[in-house]
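Source file my_file-v8.csv; content: CSV, C-alpha atoms and all ligand atoms.
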chain,number,residue,atom,x,y,z
A,19,MET,CA,131.4,72.9,92.4
A,20,GLU,CA,129.8,75.8,90.6
A,21,LEU,CA,127.0,77.5,92.6
A,22,ARG,CA,124.3,79.8,91.4
A,23,SER,CA,122.2,82.2,93.5
A,24,VAL,CA,118.5,81.7,93.2
A,25,ILE,CA,115.8,84.1,94.4
A,26,CYS,CA,113.5,82.0,96.6
A,27,GLY,CA,111.5,84.7,98.3
A,28,VAL,CA,110.6,88.4,98.0
A,29,GLY,CA,108.9,90.9,100.4
A,30,SER,CA,108.4,94.6,100.8
A,31,HIS,CA,107.1,97.1,103.3
A,32,LEU,CA,105.9,100.7,103.1
A,33,PRO,CA,105.2,103.1,105.9
A,34,GLU,CA,101.5,103.7,106.5
A,35,ARG,CA,101.5,107.5,106.0
A,36,VAL,CA,100.9,108.6,102.4
A,37,LEU,CA,102.0,112.1,101.3
A,38,THR,CA,100.1,113.2,98.1
A,39,ASN,CA,101.2,115.8,95.6
A,40,ALA,CA,98.2,117.9,96.6
A,41,GLU,CA,99.4,118.0,100.2
A,42,LEU,CA,102.9,118.8,99.2
A,43,SER,CA,101.8,121.7,97.0
A,44,ARG,CA,100.3,123.3,100.2
A,45,LYS,CA,103.8,123.2,101.8
A,46,VAL,CA,106.1,124.2,98.9
A,47,ASP,CA,105.8,126.1,95.7
A,48,THR,CA,104.9,123.2,93.4
A,49,SER,CA,101.8,121.6,91.8
A,50,ASP,CA,100.4,118.1,91.2
A,51,GLU,CA,100.5,119.0,87.4
A,52,TRP,CA,104.2,119.8,87.5
A,53,ILE,CA,105.2,116.7,89.5
A,54,VAL,CA,103.1,114.3,87.5
A,55,ALA,CA,104.2,115.8,84.1
A,56,ARG,CA,108.0,115.9,85.0
A,57,THR,CA,108.2,112.7,87.1
A,58,GLY,CA,105.1,110.6,87.0
A,59,ILE,CA,105.0,110.6,90.8
A,60,ARG,CA,101.5,111.0,92.4
A,61,GLN,CA,102.3,110.1,96.1
A,62,ARG,CA,105.0,108.7,98.3
A,63,HIS,CA,105.1,107.0,101.7
A,64,ILE,CA,106.7,108.7,104.7
A,65,ALA,CA,108.0,106.9,107.8
A,66,ALA,CA,106.5,107.9,111.1
A,67,ASP,CA,108.5,109.7,113.8
A,68,GLY,CA,110.6,107.0,115.4
A,69,GLU,CA,110.1,104.5,112.5
A,70,LEU,CA,113.7,103.7,111.4
A,71,THR,CA,115.2,102.3,108.2
A,72,SER,CA,115.9,99.1,110.1
A,73,ASP,CA,112.2,98.8,111.1
A,74,LEU,CA,111.2,99.0,107.4
A,75,ALA,CA,114.0,96.5,106.5
A,76,ILE,CA,112.9,94.1,109.2
A,77,GLN,CA,109.3,94.1,108.0
A,78,ALA,CA,110.3,93.5,104.4
A,79,ALA,CA,112.8,90.7,105.5
A,80,VAL,CA,110.1,88.9,107.5
A,81,LYS,CA,107.8,88.9,104.4
A,82,ALA,CA,110.7,87.7,102.2
A,83,LEU,CA,111.5,84.9,104.6
A,84,ALA,CA,107.8,83.8,104.7
A,85,SER,CA,107.6,83.8,100.9
A,86,ALA,CA,110.8,81.7,100.7
A,87,LYS,CA,109.4,79.4,103.5
A,88,CYS,CA,112.8,79.9,105.1
A,89,ALA,CA,113.5,80.4,108.8
A,90,ALA,CA,115.8,83.1,110.2
A,91,ALA,CA,118.0,80.3,111.4
A,92,ASP,CA,118.8,79.3,107.8
A,93,ILE,CA,120.2,82.8,106.9
A,94,ASP,CA,124.0,83.2,107.1
A,95,LEU,CA,124.4,86.5,105.4
A,96,ILE,CA,122.6,89.9,105.5
A,97,VAL,CA,123.5,92.6,103.0
A,98,LEU,CA,121.5,95.8,103.6
A,99,ALA,CA,121.7,98.5,100.9
A,100,THR,CA,120.9,101.9,102.5
A,101,ALA,CA,122.1,105.5,102.4
A,102,THR,CA,119.9,106.4,105.4
A,103,PRO,CA,121.2,104.1,108.2
A,104,ASP,CA,119.7,104.4,111.7
A,105,LEU,CA,123.0,105.6,113.1
A,106,THR,CA,126.4,106.4,111.6
A,107,PHE,CA,127.5,103.0,113.0
A,108,PRO,CA,127.0,100.1,113.6
A,109,ALA,CA,125.6,99.0,110.3
A,110,SER,CA,121.8,98.9,110.3
A,111,ALA,CA,122.1,95.4,109.1
A,112,ALA,CA,123.4,94.5,112.6
A,113,ARG,CA,120.1,95.6,114.2
A,114,VAL,CA,118.1,93.7,111.5
A,115,GLN,CA,120.1,90.6,112.2
A,116,ALA,CA,119.4,90.8,115.9
A,117,ALA,CA,115.7,91.5,115.4
A,118,LEU,CA,115.2,88.6,113.0
A,119,GLY,CA,117.1,86.2,115.3
A,120,VAL,CA,119.7,85.4,112.8
A,121,THR,CA,122.7,84.1,114.6
A,122,LYS,CA,125.0,82.9,111.8
A,123,GLY,CA,127.4,84.7,109.4
A,124,ALA,CA,127.9,88.4,108.7
A,125,ALA,CA,125.6,91.3,108.4
A,126,PHE,CA,126.7,94.6,106.8
A,127,ASP,CA,125.5,97.6,104.9
A,128,VAL,CA,126.3,98.5,101.4
A,129,GLN,CA,126.1,102.2,100.4
A,130,ALA,CA,125.6,103.0,96.7
A,131,VAL,CA,122.5,105.2,97.2
A,132,CYS,CA,119.9,104.5,94.6
A,133,SER,CA,122.0,101.7,93.0
A,134,GLY,CA,122.4,100.1,96.4
A,135,PHE,CA,120.2,97.1,95.8
A,136,ILE,CA,122.0,96.2,92.6
A,137,PHE,CA,125.4,96.5,94.4
A,138,ALA,CA,124.1,94.5,97.4
A,139,LEU,CA,122.8,91.8,95.1
A,140,ALA,CA,126.1,91.6,93.2
A,141,THR,CA,127.9,91.4,96.6
A,142,ALA,CA,125.7,88.6,98.0
A,143,ASP,CA,125.8,86.7,94.7
A,144,ASN,CA,129.6,86.6,94.9
A,145,PHE,CA,129.5,85.2,98.4
A,146,LEU,CA,127.0,82.6,97.5
A,147,ALA,CA,128.7,81.6,94.2
A,148,ARG,CA,132.0,81.0,96.1
A,149,GLY,CA,130.2,79.0,98.8
A,150,GLN,CA,131.1,81.5,101.5
A,151,ALA,CA,127.4,81.8,102.5
A,152,THR,CA,124.5,79.5,101.8
A,153,ARG,CA,121.4,81.7,102.2
A,154,ALA,CA,121.4,85.5,102.1
A,155,LEU,CA,118.9,88.2,102.8
A,156,VAL,CA,119.5,91.1,100.4
A,157,ILE,CA,117.6,94.2,101.5
A,158,GLY,CA,117.1,97.7,100.2
A,159,ALA,CA,115.7,100.1,102.9
A,160,GLU,CA,115.6,103.8,103.1
A,161,THR,CA,114.1,106.7,105.0
A,162,PHE,CA,115.0,109.4,102.5
A,163,SER,CA,112.4,111.7,104.0
A,164,ARG,CA,114.9,112.4,106.8
A,165,LEU,CA,117.5,113.8,104.3
A,166,LEU,CA,115.2,116.1,102.4
A,167,ASP,CA,115.3,119.8,102.5
A,168,TRP,CA,111.5,120.4,102.6
A,169,GLY,CA,112.1,124.0,101.3
A,170,ASP,CA,113.8,122.7,98.1
A,171,ARG,CA,111.0,122.0,95.6
A,172,SER,CA,113.4,120.5,93.1
A,173,THR,CA,114.2,117.5,95.4
A,174,CYS,CA,111.6,117.2,98.2
A,175,VAL,CA,108.8,116.1,95.8
A,176,LEU,CA,110.8,113.2,94.4
A,177,PHE,CA,111.6,110.8,97.3
A,178,GLY,CA,109.8,108.5,99.6
A,179,ASP,CA,110.5,105.8,102.2
A,180,GLY,CA,110.2,102.0,102.0
A,181,ALA,CA,112.0,98.7,102.0
A,182,GLY,CA,112.2,95.6,99.8
A,183,ALA,CA,114.0,92.3,100.4
A,184,ILE,CA,114.9,89.0,98.7
A,185,VAL,CA,116.1,85.7,100.0
A,186,LEU,CA,119.0,84.5,97.8
A,187,GLU,CA,120.1,80.8,98.1
A,188,GLY,CA,123.3,79.2,96.7
A,189,GLN,CA,122.3,76.2,94.7
A,190,THR,CA,124.1,73.7,92.5
A,191,GLN,CA,123.5,73.9,88.7
A,192,ALA,CA,121.4,70.7,89.1
A,193,GLU,CA,119.2,72.2,91.8
A,194,ALA,CA,118.9,75.6,90.1
A,195,GLY,CA,118.2,74.4,86.6
A,196,ALA,CA,117.8,77.6,84.5
A,197,ARG,CA,117.0,79.7,87.5
A,198,GLY,CA,119.2,82.1,89.3
A,199,VAL,CA,121.3,85.3,89.0
A,200,LEU,CA,122.8,85.0,85.4
A,201,SER,CA,124.9,88.2,85.5
A,202,THR,CA,125.5,91.4,87.4
A,203,PHE,CA,127.2,94.6,86.3
A,204,ILE,CA,128.1,97.5,88.6
A,205,ARG,CA,130.0,100.8,88.0
A,206,THR,CA,131.0,103.9,89.8
A,207,ASP,CA,132.2,107.2,88.3
A,208,GLY,CA,133.4,109.2,91.3
A,209,LYS,CA,134.2,112.2,89.1
A,210,LEU,CA,130.4,112.8,89.1
A,211,HIS,CA,130.1,112.7,92.9
A,212,ASP,CA,128.9,116.3,93.2
A,213,LEU,CA,125.8,115.9,91.0
A,214,LEU,CA,123.9,114.1,93.8
A,215,TYR,CA,125.1,114.1,97.4
A,216,VAL,CA,124.2,114.9,101.0
A,217,ASP,CA,125.9,118.0,102.4
A,218,GLY,CA,126.6,116.5,105.8
A,219,GLY,CA,128.4,113.6,107.4
A,220,PRO,CA,130.5,112.6,110.4
A,221,SER,CA,133.9,113.4,109.0
A,222,GLN,CA,133.2,116.6,107.1
A,223,THR,CA,130.5,118.4,109.0
A,224,GLN,CA,129.6,116.3,112.1
A,225,SER,CA,126.0,116.6,111.0
A,226,VAL,CA,123.5,114.6,108.9
A,227,GLY,CA,123.0,117.1,106.1
A,228,LYS,CA,120.4,117.4,103.4
A,229,LEU,CA,120.2,115.9,99.9
A,230,ARG,CA,121.4,118.1,97.0
A,231,MET,CA,121.0,117.2,93.4
A,232,VAL,CA,121.7,118.8,90.0
A,233,GLY,CA,118.6,117.0,88.7
A,234,ASN,CA,118.8,117.7,84.9
A,235,ALA,CA,122.5,116.7,84.8
A,236,VAL,CA,121.8,113.4,86.6
A,237,PHE,CA,118.9,112.9,84.2
A,238,ARG,CA,121.2,113.2,81.2
A,239,HIS,CA,123.6,110.5,82.6
A,240,ALA,CA,120.7,108.2,83.6
A,241,VAL,CA,119.3,107.1,80.3
A,242,GLU,CA,122.8,106.5,78.7
A,243,HIS,CA,124.4,104.7,81.7
A,244,ILE,CA,121.3,102.6,82.5
A,245,SER,CA,120.9,101.5,78.9
A,246,GLY,CA,124.6,100.6,78.7
A,247,ALA,CA,124.4,98.6,82.0
A,248,MET,CA,121.3,96.7,80.8
A,249,LEU,CA,123.0,95.7,77.5
A,250,GLU,CA,126.2,94.7,79.4
A,251,ALA,CA,124.4,92.5,81.9
A,252,CYS,CA,122.6,90.8,79.0
A,253,ALA,CA,125.9,90.4,77.0
A,254,ARG,CA,127.6,88.8,80.0
A,255,ALA,CA,124.9,86.2,80.2
A,256,GLY,CA,124.7,85.6,76.4
A,257,ILE,CA,121.1,86.8,76.4
A,258,ASP,CA,119.5,89.1,73.9
A,259,ILE,CA,117.5,91.9,75.5
A,260,SER,CA,114.4,90.9,73.5
A,261,GLU,CA,114.4,87.6,75.5
A,262,VAL,CA,113.8,89.5,78.8
A,263,ASP,CA,110.2,89.1,80.2
A,264,TRP,CA,110.2,91.9,82.7
A,265,PHE,CA,112.3,95.0,83.3
A,266,VAL,CA,112.4,96.1,86.9
A,267,PRO,CA,114.0,99.6,87.0
A,268,HIS,CA,115.0,101.9,89.8
A,269,GLN,CA,112.0,104.2,90.1
A,270,ALA,CA,113.4,107.7,89.9
A,271,ASN,CA,111.3,109.3,87.2
A,272,GLN,CA,108.8,107.8,84.6
A,273,ARG,CA,110.5,109.9,81.9
A,274,ILE,CA,113.8,107.9,82.6
A,275,LEU,CA,111.9,104.6,82.4
A,276,ASP,CA,110.3,105.7,79.1
A,277,GLY,CA,113.6,107.1,77.7
A,278,VAL,CA,115.4,103.8,78.4
A,279,ALA,CA,112.6,101.7,76.9
A,280,ARG,CA,112.6,103.9,73.8
A,281,LYS,CA,116.4,103.8,73.4
A,282,LEU,CA,116.5,100.0,73.7
A,283,GLY,CA,113.2,99.2,71.8
A,284,ILE,CA,111.6,97.7,74.8
A,285,ASP,CA,107.8,97.2,75.0
A,286,PRO,CA,106.6,99.6,77.7
A,287,GLU,CA,104.2,96.9,78.9
A,288,LYS,CA,107.2,94.9,80.1
A,289,VAL,CA,108.5,97.7,82.3
A,290,ILE,CA,107.3,97.5,85.9
A,291,SER,CA,106.6,101.0,87.1
A,292,THR,CA,105.7,101.9,90.7
A,293,VAL,CA,107.0,105.5,90.6
A,294,ALA,CA,103.4,106.9,90.7
A,295,LEU,CA,102.6,105.3,94.1
A,296,HIS,CA,106.1,105.1,95.8
A,297,GLY,CA,108.1,108.0,94.3
A,298,ASN,CA,111.9,107.4,94.4
A,299,THR,CA,112.7,105.1,97.4
A,300,SER,CA,116.4,104.9,96.5
A,301,ALA,CA,117.8,101.5,97.3
A,302,ALA,CA,114.4,100.1,98.1
A,303,SER,CA,112.8,100.9,94.8
A,304,VAL,CA,114.0,97.8,92.8
A,305,PRO,CA,113.0,95.1,95.3
A,306,LEU,CA,109.7,97.0,96.0
A,307,ALA,CA,108.9,96.9,92.3
A,308,LEU,CA,109.9,93.3,92.0
A,309,ASP,CA,107.6,92.4,94.9
A,310,VAL,CA,104.7,94.3,93.3
A,311,ALA,CA,105.2,92.5,89.9
A,312,ILE,CA,105.4,89.0,91.6
A,313,ARG,CA,102.4,89.7,93.9
A,314,ASP,CA,100.2,90.9,91.1
A,315,GLY,CA,101.0,87.8,89.0
A,316,ARG,CA,103.0,89.5,86.2
A,317,ALA,CA,106.5,88.1,87.1
A,318,LYS,CA,106.4,84.3,87.5
A,319,GLN,CA,108.9,81.6,88.2
A,320,GLY,CA,111.0,80.9,85.1
A,321,ASP,CA,110.7,84.5,83.8
A,322,LEU,CA,113.8,86.5,82.9
A,323,VAL,CA,114.0,89.7,84.8
A,324,LEU,CA,116.4,92.6,84.2
A,325,MET,CA,116.9,95.0,87.1
A,326,GLU,CA,118.7,98.3,86.9
A,327,ALA,CA,119.5,101.5,88.8
A,328,LEU,CA,121.5,104.7,88.8
A,329,GLY,CA,122.3,106.9,91.8
A,330,GLY,CA,124.7,109.1,93.7
A,331,GLY,CA,128.4,108.5,93.2
A,332,LEU,CA,127.5,108.3,90.4
A,333,THR,CA,126.8,104.6,90.6
A,334,TRP,CA,124.9,102.4,88.3
A,335,GLY,CA,124.3,98.8,87.4
A,336,ALA,CA,122.1,96.0,86.3
A,337,ALA,CA,121.3,92.4,87.3
A,338,LEU,CA,119.8,89.7,85.0
A,339,VAL,CA,117.9,87.0,86.9
A,340,ARG,CA,115.8,84.0,85.9
A,341,LEU,CA,113.1,83.8,88.7
B,401,LIG,O1,117.5,108.3,92.0
B,401,LIG,C1,118.7,108.8,91.8
B,401,LIG,C2,118.9,109.4,90.5
B,401,LIG,N1,118.1,110.6,90.4
B,401,LIG,C3,117.5,110.8,89.2
B,401,LIG,O2,117.5,110.0,88.3
B,401,LIG,C4,116.8,112.1,89.0
B,401,LIG,C5,117.0,112.6,87.7
B,401,LIG,N2,116.5,113.9,87.4
B,401,LIG,C6,115.1,114.1,87.3
B,401,LIG,O3,114.3,113.2,87.4
B,401,LIG,C7,114.7,115.5,86.8
B,401,LIG,O4,115.8,116.3,86.4
B,401,LIG,C8,113.9,116.3,87.9
B,401,LIG,C9,112.5,115.6,88.0
B,401,LIG,C10,114.6,116.3,89.1
B,401,LIG,C11,113.6,117.7,87.4
B,401,LIG,O5,113.0,117.7,86.1
B,401,LIG,P1,113.6,118.6,84.9
B,401,LIG,O6,112.7,118.5,83.8
B,401,LIG,O7,115.0,118.2,84.7
B,401,LIG,O8,113.5,120.1,85.5
B,401,LIG,P2,114.6,121.2,85.8
B,401,LIG,O9,115.4,120.8,87.0
B,401,LIG,O10,115.3,121.5,84.5
B,401,LIG,O11,113.7,122.4,86.2
B,401,LIG,C12,112.8,123.0,85.2
B,401,LIG,C13,112.0,124.1,85.9
B,401,LIG,C14,112.8,125.1,86.7
B,401,LIG,O12,112.2,126.3,86.6
B,401,LIG,P3,112.8,127.4,85.5
B,401,LIG,O13,114.3,127.6,86.0
B,401,LIG,O14,112.7,126.8,84.2
B,401,LIG,O15,112.0,128.6,85.7
B,401,LIG,C15,112.6,124.6,88.1
B,401,LIG,O16,112.8,125.7,89.1
B,401,LIG,O17,111.1,123.5,86.9
B,401,LIG,C16,111.2,124.2,88.1
B,401,LIG,N3,110.9,123.2,89.2
B,401,LIG,C17,109.7,123.0,89.7
B,401,LIG,N4,108.5,123.6,89.5
B,401,LIG,C18,107.5,123.2,90.2
B,401,LIG,C19,111.8,122.3,89.8
B,401,LIG,N5,111.1,121.6,90.7
B,401,LIG,C20,109.8,122.0,90.7
B,401,LIG,C21,108.7,121.6,91.4
B,401,LIG,N6,107.5,122.2,91.1
B,401,LIG,N7,108.7,120.6,92.3
Conversion result in structure tokens:
Amino acid sequence: MELRSVICGVGSHLPERVLTNAELSRKVDTSDEWIVARTGIRQRHIAADGELTSDLAIQAAVKALASAKCAAADIDLIVLATATPDLTFPASAARVQAALGVTKGAAFDVQAVCSGFIFALATADNFLARGQATRALVIGAETFSRLLDWGDRSTCVLFGDGAGAIVLEGQTQAEAGARGVLSTFIRTDGKLHDLLYVDGGPSQTQSVGKLRMVGNAVFRHAVEHISGAMLEACARAGIDISEVDWFVPHQANQRILDGVARKLGIDPEKVISTVALHGNTSAASVPLALDVAIRDGRAKQGDLVLMEALGGGLTWGAALVRL
């Protein structure tokens, strides 16, 4: 029996503390004008001391479960996308599982940095489509503020903390109708691993390290690979990109969102942008933006949504979903 994964709930969570560009420009040699003109970012949220990636993930998951009217007992898979786990191991997903009171199935982390949510969604979709799980929590959660070199103005102004989650349910074609994940596409090009990385880790340095990025080189790859992934995801589902109702991109830089829209002839009104208020929250940015678009009434059940992301690895991907 063919099964399809349907999104039946979405939730998100941001830490309380907001860090504005003005505040940042008092700490590092930058300005609100530069940050807004080059990135579109106006503020970002920063986790409090002791507030962990798993804490953000749990809050987002609780809201996603409530919106799906689903109990923790009904979940039998948790896939958490994060590059900022609480600890080197076990997976932060294990703590999330215990805190939610989920007792069935597996819980594990997926690490594809800013593309993490797309990779996690593709992973969970495969489990559900094969009937190896029935209801999954797919979460993107990050505390990138912990990885930043606050003396490096070229990176510290870009990132923020947050989490987003969806409940994904395996349904028969008859139950799902036209809804569900129609296609996913994920790619890695490891030759480009040194364009965006953290210079620490248990094996190489026995330390956590700081984020390093060759920003303009990543930028050049972003528009090309993201556009390609979006077209590929549409082609795999037999959908023309003009049929898509909402584009939910990874929120790295407004100029990337605009560049992709221009290249593919997309109406900018259809592109959900949260970059001004959230900054780049890595794996959390796509589900955070999806939640915003659903909560403010733009994205509705039955709408075609195309999500995409690119991040360290380099990794990139896209997922086409009918809500
Ligand atoms: O989410 C994962 C994927 N990541 C991305 O997609 C990020 C992709 N990259 C970007 O978004 C952009 O490359 C950045 C926003 C990171 C940088 O923008 P850019 O237009 O590529 O600037 P740049 O790195 O070429 O730097 C231009 C100038 C430099 O000064 P000089 O050498 O021209 O004098 C930088 O030193 O801007 C300077 N600069 C800054 N000035 C003020 C860099 N950061 C800052 C800053 N404030 N925060």
Interface rows for stretch 58-107 of chain A against stretch 154-162 of chain A: nearest pair, Å to one decimal, 6 Å, only C-alpha atoms, as JSON lines:
{"residue": "A:Thr71", "atom": "CA", "partner": "A:Glu160", "partner_atom": "CA", "distance": 5.3}
{"residue": "A:Ala75", "atom": "CA", "partner": "A:Ala159", "partner_atom": "CA", "distance": 5.4}
{"residue": "A:Ile93", "atom": "CA", "partner": "A:Ala154", "partner_atom": "CA", "distance": 5.6}
{"residue": "A:Leu95", "atom": "CA", "partner": "A:Ala154", "partner_atom": "CA", "distance": 4.6}
{"residue": "A:Ile96", "atom": "CA", "partner": "A:Leu155", "partner_atom": "CA", "distance": 4.9}
{"residue": "A:Val97", "atom": "CA", "partner": "A:Val156", "partner_atom": "CA", "distance": 5.0}
{"residue": "A:Leu98", "atom": "CA", "partner": "A:Ile157", "partner_atom": "CA", "distance": 4.7}
{"residue": "A:Ala99", "atom": "CA", "partner": "A:Gly158", "partner_atom": "CA", "distance": 4.7}
{"residue": "A:Thr100", "atom": "CA", "partner": "A:Ala159", "partner_atom": "CA", "distance": 5.5}
{"residue": "A:Thr102", "atom": "CA", "partner": "A:Glu160", "partner_atom": "CA", "distance": 5.5}
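Excluding A:Val310 and any residue on its chain fewer than 6 positions from it, the residues at most 12 Å away by only C-alpha atoms are Val28, Gly29, Ser30, His31, Leu32, Gly182, Ala183, Val266, Ile290, Ser291, Thr292, Val293, Leu295, His296, Ser303, Val304, Arg316, Ala317 and Lys318 of chain A.
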Selection to disk with C-alpha atoms, as a PDB file, keeping the file's coordinate frame:
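That gives us out30.pdb:
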ATOM      1  CA  VAL A  28     110.600  88.400  98.000  1.00  0.00           C
ATOM      2  CA  GLY A  29     108.900  90.900 100.400  1.00  0.00           C
ATOM      3  CA  SER A  30     108.400  94.600 100.800  1.00  0.00           C
ATOM      4  CA  HIS A  31     107.100  97.100 103.300  1.00  0.00           C
ATOM      5  CA  LEU A  32     105.900 100.700 103.100  1.00  0.00           C
ATOM      6  CA  GLY A 182     112.200  95.600  99.800  1.00  0.00           C
ATOM      7  CA  ALA A 183     114.000  92.300 100.400  1.00  0.00           C
ATOM      8  CA  VAL A 266     112.400  96.100  86.900  1.00  0.00           C
ATOM      9  CA  ILE A 290     107.300  97.500  85.900  1.00  0.00           C
ATOM     10  CA  SER A 291     106.600 101.000  87.100  1.00  0.00           C
ATOM     11  CA  THR A 292     105.700 101.900  90.700  1.00  0.00           C
ATOM     12  CA  VAL A 293     107.000 105.500  90.600  1.00  0.00           C
ATOM     13  CA  LEU A 295     102.600 105.300  94.100  1.00  0.00           C
ATOM     14  CA  HIS A 296     106.100 105.100  95.800  1.00  0.00           C
ATOM     15  CA  SER A 303     112.800 100.900  94.800  1.00  0.00           C
ATOM     16  CA  VAL A 304     114.000  97.800  92.800  1.00  0.00           C
ATOM     17  CA  ARG A 316     103.000  89.500  86.200  1.00  0.00           C
ATOM     18  CA  ALA A 317     106.500  88.100  87.100  1.00  0.00           C
ATOM     19  CA  LYS A 318     106.400  84.300  87.500  1.00  0.00           C
TER      20      LYS A 318
END
Legend entry - Environment of ligand LIG 401 (chain B) within 8 Å, counting all atoms listed in the file, reported as a PyMOL selection string: chain A and resi 46-49+52-53+56-57+131-133+170-176+214+231-238+240+268-271+273-274+298-300+327-330
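We find atom CA of A:Pro305 and atom CA of A:Ala181 to be spaced 7.7 Å apart.
Computed from the coordinates, the atom CA of A:Gly297 to atom CA of A:Asp127 distance equals 22.9 Å.
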Inset, instruction - Show which residues sit within 7 Å of A:Leu146, as a list in words. Count all atoms listed in the file, and ignore same-chain residues fewer than 4 positions away. - result: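 Once the nearby chain positions are removed, what remains is Ser23, Ala142, Gln150, Ala151, Thr152 and Gly188 of chain A.
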Inset, instruction - Excluding A:Ser225 and any residue of its chain fewer than 5 positions from it, enumerate the residues within 12 Å of it, using all atoms listed in the file, and give them as a count of residues only. - result: 8
Legend entry - Computed interatomic separation between atom CA of A:Ala101 and atom CA of A:Val128 (Å):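 So the two atoms, atom CA of A:Ala101 and atom CA of A:Val128, lie 8.2 Å apart.
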Inset, instruction - Write out as a ChimeraX atom specification each polymer residue whose atoms come within 8 Å of A:Leu70, counting only C-alpha atoms; drop sequence neighbours fewer than 4 positions from it. - result: /A:65,74,104,161
Legend entry - Nearest-residue call for A:Glu193, choices A:Val120, A:Leu21, A:Ala66, A:Met248, using only C-alpha atoms: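 Closest to A:Glu193 of all the choices is A:Leu21.
When all atoms listed in the file are used to measure the gap to A:Pro267, the shortest distance among A:Gly169, A:Pro103, A:Pro286, A:Gly119 belongs to A:Pro286.
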Inset, instruction - Please determine the residues with any atom at most 10 Å from (129.1, 100.5, 84.8) (coordinates as given in the file, with all atoms listed in the file counting) and report them as JSON, numbers by chain. - result: {"A": [203, 204, 205, 206, 207, 243, 244, 246, 247, 248, 250, 251, 328, 332, 333, 334, 335, 336]}
Inset, instruction - Go through A:Leu200, A:Ala307, A:Leu42, A:Cys252 and flag the residue nearest A:Ala294, using all atoms listed in the file for the distances. - result: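 Checking each of A:Leu200, A:Ala307, A:Leu42, A:Cys252 against A:Ala294, counting all atoms listed in the file, the winner is A:Ala307.
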